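> Handing you a structure now.
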Amino acid sequence: MGEVTTIPPVDEATGTTGPERSPGDDAMFESLARQARVLDAMAATAAGSSGDAGLGWLALQRQAERYLRNLDARARGRALARWGERLAEHRRVLHDHRAEARQRLSDVPGGTDTAQRRHGLRVALIGKGGAGKSMISGTLARVLARRGHRVLAADLDTNPGLAFSLGVPTSSGALPDEAIETDPGAAYGWRLASGTSPAQAVERFATPGPDGVRFLALGKIDDPDKTAPKRSLVALLEVLLGFGDPSWDVIGDLEAGPTTPFERYHAFADQVLMVVGPAWRSAMTARRLLPLVADVPTIVVANRFRHEPDHPGLAPAVRIPFDADVADAERRGVAPIDACPDSPAVQAVNHLADLLVAPGEADVRRFPGARSEVTP
Ligand SMILES: Nc1ncnc2c1ncn2[C@@H]1O[C@H](COP(=O)(O)OP(=O)(O)OP(=O)(O)O)[C@@H](O)[C@H]1O
Ligand SMILES: [Mg+2]
């Protein structure tokens, strides 16, 4: 936490002054205020839309649930001790939105089922380095886009890979200066500009790619301080977490290993794909990562297997085989879906898309430790 401000803020509700706020506290309150703005806007959209069979209400419900999961995971320790009441108040706001959304959804005949089918995906890919996260993220994004989905694909790895597997002719894709602003309390001192909503950021700043996929990334490392990714990290996470538009699929390709799941880069996701290769160490990494994402339903995706057996306790929902054409596409710098659209690995990613889009119609084996309900 940074320096403490000298003037205690007046609590708008009670007119009294509370504990002194540090820049970090201010940043946290700004995040909570942004969450409230996002939910209010989604509630207004849901209330104003007719004939969408409850899709807007389901979007609101899911957005409130993502925020609740994140609040449960993050509001611990010092922040909770200092601001317990304010956080409890925010939790009530999230609960109220979720309760209203559920109620409205239950009033729509057949609403829940129809809306579930139509709601866009929110998928985060994690796993050991080289497991195939970027190949699968990029190919999945393109497969979904070719089916007519609107897809936002985000590279959350400072060592970029997604642009290549997507076939986006850029390795930048960072949010521009006008989308971010300084905030001494935010990690690295920058955040999403307060006048820009997550939806506006996607609309205005995501780079268009093949099949209409839109791309955002942390940006290039141009100097030893990693200035560009540090400037855009918090803003990009805010965009993903706050982008609840149910007519979009969102796919996030996370950096290998435990740091990014620990920092909750997957907070935007309704589903985590744990990518596991045939090597023993890939399975070991997966087992270490699972507890870090235990609040989000997770499925295991096996990749690059030839004839090796599944890892004990990590039964995959989908198996993507080792595919020499995919490896060759990588060497040529061509997206797999452009280089070898009919190859077995790309076909398996198509099957993965089937499973994600219509889970009821496919045999999904969820990791037994995953919880799908948010604790009230
Ligand atoms: N099914 C497959 N068959 C053959 N090669 C594959 C397959 N999947 C991925 N590869 C290749 O394996 C390498 C690693 O894949 P990829 O870059 O997608 O992994 P990653 O998990 O994103 O790695 P990193 O952690 O470094 O970001 C790439 O060269 C890719 O082309
Ligand atoms: Mg990668």
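Chain labels A, B, ... are given in the sequence in which chains occur in the structure tokens; within each chain residues are numbered consecutively from 1, and ligands are likewise numbered from 1 in the order shown.
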Using only C-alpha atoms, which residues sit within 12 Å of Leu140 in chain A once same-chain residues fewer than 6 positions away are excluded, as a PyMOL selection string?

chain A and resi 121+123-125+132-134+146-147+149+151-153+162+165-166+211+213+249-253+273+335-337+341+345-357

> Would you output that residue set with N, CA and C atoms, as a compact mmCIF listing (two decimals), in the first residue's frame?


# COMPACT_ATOMS: atom_id res chain seq x y z
N LEU A 121 -19.54 -17.02 -24.42
CA LEU A 121 -18.60 -17.72 -23.55
C LEU A 121 -17.66 -16.74 -22.87
N VAL A 123 -14.02 -17.54 -21.32
CA VAL A 123 -13.09 -18.65 -21.14
C VAL A 123 -11.67 -18.16 -20.89
N ALA A 124 -11.04 -18.68 -19.85
CA ALA A 124 -9.62 -18.38 -19.59
C ALA A 124 -8.82 -19.67 -19.75
N LEU A 125 -7.69 -19.59 -20.45
CA LEU A 125 -6.84 -20.76 -20.63
C LEU A 125 -5.58 -20.64 -19.79
N GLY A 132 0.18 -25.40 -24.97
CA GLY A 132 -0.67 -25.18 -26.14
C GLY A 132 -1.78 -24.18 -25.90
N LYS A 133 -1.64 -23.36 -24.86
CA LYS A 133 -2.68 -22.37 -24.52
C LYS A 133 -2.96 -21.44 -25.69
N SER A 134 -1.88 -20.92 -26.29
CA SER A 134 -2.08 -19.93 -27.37
C SER A 134 -2.63 -20.59 -28.62
N ARG A 146 -15.98 -18.04 -37.01
CA ARG A 146 -16.50 -18.59 -38.27
C ARG A 146 -17.91 -19.13 -38.12
N ARG A 147 -18.31 -19.41 -36.89
CA ARG A 147 -19.70 -19.83 -36.64
C ARG A 147 -20.62 -18.62 -36.46
N HIS A 149 -20.04 -16.07 -34.25
CA HIS A 149 -19.96 -15.42 -32.94
C HIS A 149 -19.12 -14.14 -33.03
N VAL A 151 -16.28 -12.33 -31.23
CA VAL A 151 -15.25 -12.87 -30.33
C VAL A 151 -14.21 -11.81 -29.99
N LEU A 152 -13.98 -11.65 -28.69
CA LEU A 152 -12.86 -10.84 -28.22
C LEU A 152 -11.80 -11.80 -27.69
N ALA A 153 -10.60 -11.74 -28.26
CA ALA A 153 -9.51 -12.60 -27.81
C ALA A 153 -8.44 -11.71 -27.17
N LEU A 162 -0.54 -15.25 -28.78
CA LEU A 162 -1.90 -15.36 -29.31
C LEU A 162 -2.05 -14.72 -30.69
N SER A 165 -1.21 -17.29 -33.34
CA SER A 165 -2.14 -18.41 -33.54
C SER A 165 -3.51 -17.92 -34.01
N LEU A 166 -3.80 -16.63 -33.78
CA LEU A 166 -5.04 -16.04 -34.30
C LEU A 166 -4.89 -15.62 -35.76
N ASP A 211 -11.68 -13.16 -39.75
CA ASP A 211 -13.02 -13.66 -39.40
C ASP A 211 -13.75 -12.71 -38.44
N VAL A 213 -12.62 -11.47 -35.64
CA VAL A 213 -12.17 -11.54 -34.24
C VAL A 213 -11.58 -10.19 -33.84
N ASP A 249 -18.33 -13.56 -27.20
CA ASP A 249 -17.48 -14.54 -26.52
C ASP A 249 -16.18 -13.83 -26.14
N VAL A 250 -15.65 -14.16 -24.98
CA VAL A 250 -14.37 -13.58 -24.56
C VAL A 250 -13.42 -14.73 -24.22
N ILE A 251 -12.24 -14.70 -24.84
CA ILE A 251 -11.24 -15.75 -24.61
C ILE A 251 -9.95 -15.10 -24.14
N GLY A 252 -9.45 -15.53 -23.00
CA GLY A 252 -8.21 -14.95 -22.47
C GLY A 252 -7.11 -16.00 -22.38
N ASP A 253 -5.97 -15.69 -22.97
CA ASP A 253 -4.81 -16.58 -23.01
C ASP A 253 -3.85 -16.10 -21.92
N LEU A 273 -10.14 -23.33 -18.87
CA LEU A 273 -9.62 -24.51 -19.58
C LEU A 273 -8.18 -24.72 -19.11
N ALA A 335 -1.27 -18.96 -38.82
CA ALA A 335 -2.25 -19.46 -37.85
C ALA A 335 -2.67 -20.87 -38.26
N PRO A 336 -2.78 -21.81 -37.30
CA PRO A 336 -3.16 -23.18 -37.65
C PRO A 336 -4.45 -23.25 -38.48
N ILE A 337 -5.43 -22.43 -38.14
CA ILE A 337 -6.71 -22.54 -38.86
C ILE A 337 -6.58 -22.09 -40.32
N PRO A 341 -6.70 -26.13 -41.89
CA PRO A 341 -8.03 -26.12 -41.26
C PRO A 341 -8.64 -27.51 -41.05
N ALA A 345 -5.84 -31.62 -35.14
CA ALA A 345 -5.85 -30.73 -33.97
C ALA A 345 -6.90 -29.63 -34.13
N VAL A 346 -6.99 -29.06 -35.33
CA VAL A 346 -7.98 -27.99 -35.54
C VAL A 346 -9.40 -28.59 -35.44
N GLN A 347 -9.56 -29.80 -35.94
CA GLN A 347 -10.87 -30.45 -35.81
C GLN A 347 -11.22 -30.69 -34.33
N ALA A 348 -10.21 -31.04 -33.56
CA ALA A 348 -10.46 -31.27 -32.12
C ALA A 348 -10.83 -29.95 -31.43
N VAL A 349 -10.25 -28.85 -31.86
CA VAL A 349 -10.64 -27.55 -31.29
C VAL A 349 -12.09 -27.23 -31.68
N ASN A 350 -12.49 -27.64 -32.87
CA ASN A 350 -13.90 -27.52 -33.27
C ASN A 350 -14.80 -28.28 -32.31
N HIS A 351 -14.35 -29.47 -31.93
CA HIS A 351 -15.13 -30.27 -30.98
C HIS A 351 -15.18 -29.58 -29.62
N LEU A 352 -14.05 -29.00 -29.22
CA LEU A 352 -14.01 -28.23 -27.97
C LEU A 352 -15.04 -27.10 -28.02
N ALA A 353 -15.13 -26.44 -29.16
CA ALA A 353 -16.11 -25.35 -29.31
C ALA A 353 -17.53 -25.89 -29.15
N ASP A 354 -17.81 -27.06 -29.75
CA ASP A 354 -19.15 -27.68 -29.60
C ASP A 354 -19.48 -27.84 -28.12
N LEU A 355 -18.50 -28.36 -27.42
CA LEU A 355 -18.68 -28.68 -26.01
C LEU A 355 -18.91 -27.43 -25.16
N LEU A 356 -18.23 -26.35 -25.50
CA LEU A 356 -18.37 -25.12 -24.72
C LEU A 356 -19.70 -24.44 -25.04
N VAL A 357 -20.09 -24.49 -26.30
CA VAL A 357 -21.29 -23.78 -26.73
C VAL A 357 -22.55 -24.52 -26.27

> So which bits of range 82-325 of chain A end up strand (DSSP E or B) when you DSSP the backbone, as a ChimeraX atom specification?

/A:122-127,150-156,180-182,190-192,207-208,214-217,248-254,271-276,298-305,318-321

> Would you save the residues of that selection, restricted to N, CA and C atoms, as a short mmCIF file (atom, residue, chain, number, x, y, z; two decimals), in the first residue's frame?


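part19.cif, written as the output of this step:
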data_model
loop_
_atom_site.label_atom_id
_atom_site.label_comp_id
_atom_site.auth_asym_id
_atom_site.auth_seq_id
_atom_site.Cartn_x
_atom_site.Cartn_y
_atom_site.Cartn_z
N ARG A 122 -17.19 -17.13 -21.69
CA ARG A 122 -16.12 -16.38 -21.01
C ARG A 122 -15.10 -17.42 -20.58
N VAL A 123 -14.02 -17.54 -21.32
CA VAL A 123 -13.09 -18.65 -21.14
C VAL A 123 -11.67 -18.16 -20.89
N ALA A 124 -11.04 -18.68 -19.85
CA ALA A 124 -9.62 -18.38 -19.59
C ALA A 124 -8.82 -19.67 -19.75
N LEU A 125 -7.69 -19.59 -20.45
CA LEU A 125 -6.84 -20.76 -20.63
C LEU A 125 -5.58 -20.64 -19.79
N ILE A 126 -5.32 -21.70 -19.02
CA ILE A 126 -4.13 -21.71 -18.18
C ILE A 126 -3.39 -23.04 -18.38
N GLY A 127 -2.19 -23.11 -17.84
CA GLY A 127 -1.41 -24.35 -17.95
C GLY A 127 0.07 -24.06 -17.98
N ARG A 150 -19.46 -13.18 -32.19
CA ARG A 150 -18.56 -12.03 -32.00
C ARG A 150 -17.55 -12.44 -30.93
N VAL A 151 -16.28 -12.33 -31.23
CA VAL A 151 -15.25 -12.87 -30.33
C VAL A 151 -14.21 -11.81 -29.99
N LEU A 152 -13.98 -11.65 -28.69
CA LEU A 152 -12.86 -10.84 -28.22
C LEU A 152 -11.80 -11.80 -27.69
N ALA A 153 -10.60 -11.74 -28.26
CA ALA A 153 -9.51 -12.60 -27.81
C ALA A 153 -8.44 -11.71 -27.17
N ALA A 154 -8.04 -12.07 -25.94
CA ALA A 154 -7.10 -11.21 -25.21
C ALA A 154 -5.85 -11.99 -24.84
N ASP A 155 -4.71 -11.42 -25.16
CA ASP A 155 -3.43 -12.03 -24.78
C ASP A 155 -2.99 -11.43 -23.45
N LEU A 156 -3.03 -12.24 -22.39
CA LEU A 156 -2.64 -11.77 -21.05
C LEU A 156 -1.25 -12.27 -20.70
N ILE A 180 -6.22 4.85 -20.99
CA ILE A 180 -5.73 4.61 -19.63
C ILE A 180 -5.45 5.94 -18.91
N GLU A 181 -5.39 5.87 -17.60
CA GLU A 181 -5.04 7.07 -16.83
C GLU A 181 -4.21 6.64 -15.61
N THR A 182 -3.47 7.60 -15.09
CA THR A 182 -2.64 7.25 -13.93
C THR A 182 -3.52 7.13 -12.69
N TRP A 190 -1.38 2.61 -13.12
CA TRP A 190 -2.25 2.95 -14.24
C TRP A 190 -3.52 2.13 -14.17
N ARG A 191 -4.58 2.68 -14.75
CA ARG A 191 -5.84 1.93 -14.82
C ARG A 191 -6.64 2.38 -16.04
N LEU A 192 -7.78 1.74 -16.27
CA LEU A 192 -8.66 2.14 -17.36
C LEU A 192 -9.18 3.56 -17.09
N THR A 207 -8.24 -4.49 -31.71
CA THR A 207 -7.75 -4.58 -33.09
C THR A 207 -8.56 -5.63 -33.86
N PRO A 208 -9.08 -5.26 -35.05
CA PRO A 208 -9.81 -6.26 -35.84
C PRO A 208 -8.86 -7.29 -36.45
N ARG A 214 -11.83 -9.79 -32.61
CA ARG A 214 -11.19 -8.56 -32.10
C ARG A 214 -10.15 -8.95 -31.07
N PHE A 215 -9.05 -8.20 -31.06
CA PHE A 215 -7.86 -8.61 -30.31
C PHE A 215 -7.39 -7.49 -29.38
N LEU A 216 -7.10 -7.86 -28.13
CA LEU A 216 -6.47 -6.92 -27.20
C LEU A 216 -5.29 -7.65 -26.54
N ALA A 217 -4.28 -6.90 -26.16
CA ALA A 217 -3.10 -7.53 -25.57
C ALA A 217 -2.42 -6.56 -24.62
N TRP A 248 -21.18 -11.37 -26.97
CA TRP A 248 -19.77 -11.61 -27.29
C TRP A 248 -19.25 -12.83 -26.54
N ASP A 249 -18.33 -13.56 -27.20
CA ASP A 249 -17.48 -14.54 -26.52
C ASP A 249 -16.18 -13.83 -26.14
N VAL A 250 -15.65 -14.16 -24.98
CA VAL A 250 -14.37 -13.58 -24.56
C VAL A 250 -13.42 -14.73 -24.22
N ILE A 251 -12.24 -14.70 -24.84
CA ILE A 251 -11.24 -15.75 -24.61
C ILE A 251 -9.95 -15.10 -24.14
N GLY A 252 -9.45 -15.53 -23.00
CA GLY A 252 -8.21 -14.95 -22.47
C GLY A 252 -7.11 -16.00 -22.38
N ASP A 253 -5.97 -15.69 -22.97
CA ASP A 253 -4.81 -16.58 -23.01
C ASP A 253 -3.85 -16.10 -21.92
N LEU A 254 -3.78 -16.84 -20.81
CA LEU A 254 -2.98 -16.38 -19.67
C LEU A 254 -1.52 -16.84 -19.78
N GLN A 271 -15.56 -19.96 -17.16
CA GLN A 271 -15.00 -21.31 -17.33
C GLN A 271 -13.50 -21.20 -17.50
N VAL A 272 -12.78 -22.13 -16.91
CA VAL A 272 -11.33 -22.19 -17.11
C VAL A 272 -11.01 -23.46 -17.89
N LEU A 273 -10.14 -23.33 -18.87
CA LEU A 273 -9.62 -24.51 -19.58
C LEU A 273 -8.18 -24.72 -19.11
N MET A 274 -7.97 -25.85 -18.47
CA MET A 274 -6.63 -26.21 -18.01
C MET A 274 -5.98 -27.05 -19.11
N VAL A 275 -4.97 -26.49 -19.77
CA VAL A 275 -4.35 -27.22 -20.88
C VAL A 275 -3.19 -28.05 -20.34
N VAL A 276 -3.23 -29.34 -20.65
CA VAL A 276 -2.23 -30.26 -20.12
C VAL A 276 -1.59 -31.04 -21.26
N THR A 298 -13.92 -25.67 -14.08
CA THR A 298 -12.70 -25.89 -14.87
C THR A 298 -12.80 -27.23 -15.60
N ILE A 299 -12.39 -27.23 -16.84
CA ILE A 299 -12.25 -28.52 -17.53
C ILE A 299 -10.81 -28.68 -18.01
N VAL A 300 -10.41 -29.93 -18.08
CA VAL A 300 -9.06 -30.23 -18.54
C VAL A 300 -9.10 -30.50 -20.05
N VAL A 301 -8.17 -29.89 -20.76
CA VAL A 301 -8.03 -30.14 -22.19
C VAL A 301 -6.64 -30.74 -22.41
N ALA A 302 -6.61 -31.97 -22.89
CA ALA A 302 -5.33 -32.62 -23.17
C ALA A 302 -4.85 -32.17 -24.54
N ASN A 303 -3.58 -31.82 -24.66
CA ASN A 303 -3.04 -31.37 -25.95
C ASN A 303 -1.69 -32.01 -26.20
N ARG A 304 -1.42 -32.23 -27.45
CA ARG A 304 -0.14 -32.76 -27.93
C ARG A 304 0.11 -34.20 -27.47
N PHE A 305 -0.94 -34.91 -27.12
CA PHE A 305 -0.76 -36.32 -26.79
C PHE A 305 -0.63 -37.12 -28.09
N VAL A 318 -11.67 -32.96 -23.47
CA VAL A 318 -11.36 -33.01 -24.90
C VAL A 318 -9.90 -33.40 -25.06
N ARG A 319 -9.61 -34.17 -26.09
CA ARG A 319 -8.22 -34.53 -26.40
C ARG A 319 -7.85 -33.92 -27.74
N ILE A 320 -6.84 -33.09 -27.74
CA ILE A 320 -6.34 -32.53 -28.99
C ILE A 320 -5.03 -33.24 -29.29
N PRO A 321 -4.95 -33.96 -30.39
CA PRO A 321 -3.76 -34.79 -30.62
C PRO A 321 -2.54 -33.97 -31.02
#

> Residues near range 231-239 of chain A, anyone? I mean within 9 Å using only C-alpha atoms, not counting same-chain ones fewer than 4 positions away, as a ChimeraX atom specification.

/A:31,154,156,174-177,179-182,186-193,197-199,201-202,216-219,226-227,243,265-268

> Kindly save the residues from that selection, with C-alpha atoms included, as a compact mmCIF listing (two decimals), in the first residue's frame.


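Output file again_1.txt follows:
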# COMPACT_ATOMS: atom_id res chain seq x y z
CA SER A 31 -13.19 -0.33 -8.81
CA ALA A 154 -7.10 -11.21 -25.21
CA LEU A 156 -2.64 -11.77 -21.05
CA ALA A 174 -2.30 -2.75 -26.45
CA LEU A 175 -4.85 -0.23 -25.22
CA PRO A 176 -3.80 3.23 -26.43
CA ASP A 177 -2.84 6.09 -24.10
CA ALA A 179 -7.82 4.48 -22.78
CA ILE A 180 -5.73 4.61 -19.63
CA GLU A 181 -5.04 7.07 -16.83
CA THR A 182 -2.64 7.25 -13.93
CA ALA A 186 -3.50 0.88 -8.86
CA ALA A 187 -0.89 -1.83 -9.42
CA TYR A 188 1.89 -0.23 -11.52
CA GLY A 189 0.12 3.17 -11.26
CA TRP A 190 -2.25 2.95 -14.24
CA ARG A 191 -5.84 1.93 -14.82
CA LEU A 192 -8.66 2.14 -17.36
CA ALA A 193 -9.66 5.78 -17.96
CA SER A 197 -16.51 1.83 -19.97
CA PRO A 198 -15.21 -1.69 -20.67
CA ALA A 199 -17.70 -1.99 -23.54
CA ALA A 201 -12.87 0.13 -24.73
CA VAL A 202 -13.65 -3.05 -26.71
CA LEU A 216 -6.47 -6.92 -27.20
CA ALA A 217 -3.10 -7.53 -25.57
CA LEU A 218 -0.72 -6.25 -22.95
CA GLY A 219 1.57 -4.73 -25.54
CA LYS A 226 8.34 -3.49 -19.20
CA THR A 227 6.73 -0.04 -19.20
CA PHE A 243 -17.30 -6.57 -20.33
CA TYR A 265 -6.37 -12.69 -14.31
CA HIS A 266 -9.08 -15.33 -14.86
CA ALA A 267 -11.63 -13.27 -12.86
CA PHE A 268 -13.54 -12.43 -16.07

> Enumerate the residues of range 152-244 of chain A with a DSSP assignment of alpha helix (DSSP H), computed from the backbone, and present them as a ChimeraX atom specification.

/A:162-166,198-205,227-242

> For the selection just defined, write its residues with C-alpha atoms to a file, as a compact mmCIF listing (two decimals), in the first residue's frame.


# COMPACT_ATOMS: atom_id res chain seq x y z
CA LEU A 162 -1.90 -15.36 -29.31
CA ALA A 163 -1.55 -12.91 -32.22
CA PHE A 164 0.31 -15.60 -34.19
CA SER A 165 -2.14 -18.41 -33.54
CA LEU A 166 -5.04 -16.04 -34.30
CA PRO A 198 -15.21 -1.69 -20.67
CA ALA A 199 -17.70 -1.99 -23.54
CA GLN A 200 -16.48 1.29 -25.06
CA ALA A 201 -12.87 0.13 -24.73
CA VAL A 202 -13.65 -3.05 -26.71
CA GLU A 203 -15.66 -1.15 -29.29
CA ARG A 204 -13.06 1.56 -29.84
CA PHE A 205 -9.71 -0.04 -29.19
CA THR A 227 6.73 -0.04 -19.20
CA ALA A 228 4.09 -0.69 -21.87
CA PRO A 229 2.59 -3.87 -20.33
CA LYS A 230 2.67 -2.30 -16.87
CA ARG A 231 0.65 0.64 -18.16
CA SER A 232 -2.01 -1.53 -19.72
CA LEU A 233 -2.26 -4.53 -17.38
CA VAL A 234 -4.83 -3.22 -14.88
CA ALA A 235 -6.83 -1.52 -17.62
CA LEU A 236 -7.01 -4.68 -19.71
CA LEU A 237 -8.11 -6.76 -16.72
CA GLU A 238 -10.76 -4.12 -15.93
CA VAL A 239 -11.99 -4.28 -19.52
CA LEU A 240 -12.27 -8.07 -19.48
CA LEU A 241 -13.89 -8.28 -16.05
CA GLY A 242 -16.40 -5.53 -16.78

> I'd like to know which of A:Arg92, A:Arg21, A:Arg62, A:Lys128 is closest to ligand 2, using only C-alpha atoms and all ligand atoms.

A:Lys128

> In Å, how far is it from CA of Ala279 in chain A to atom 14 (C, counted along the ligand's line) of ligand 1?

13.0 Å
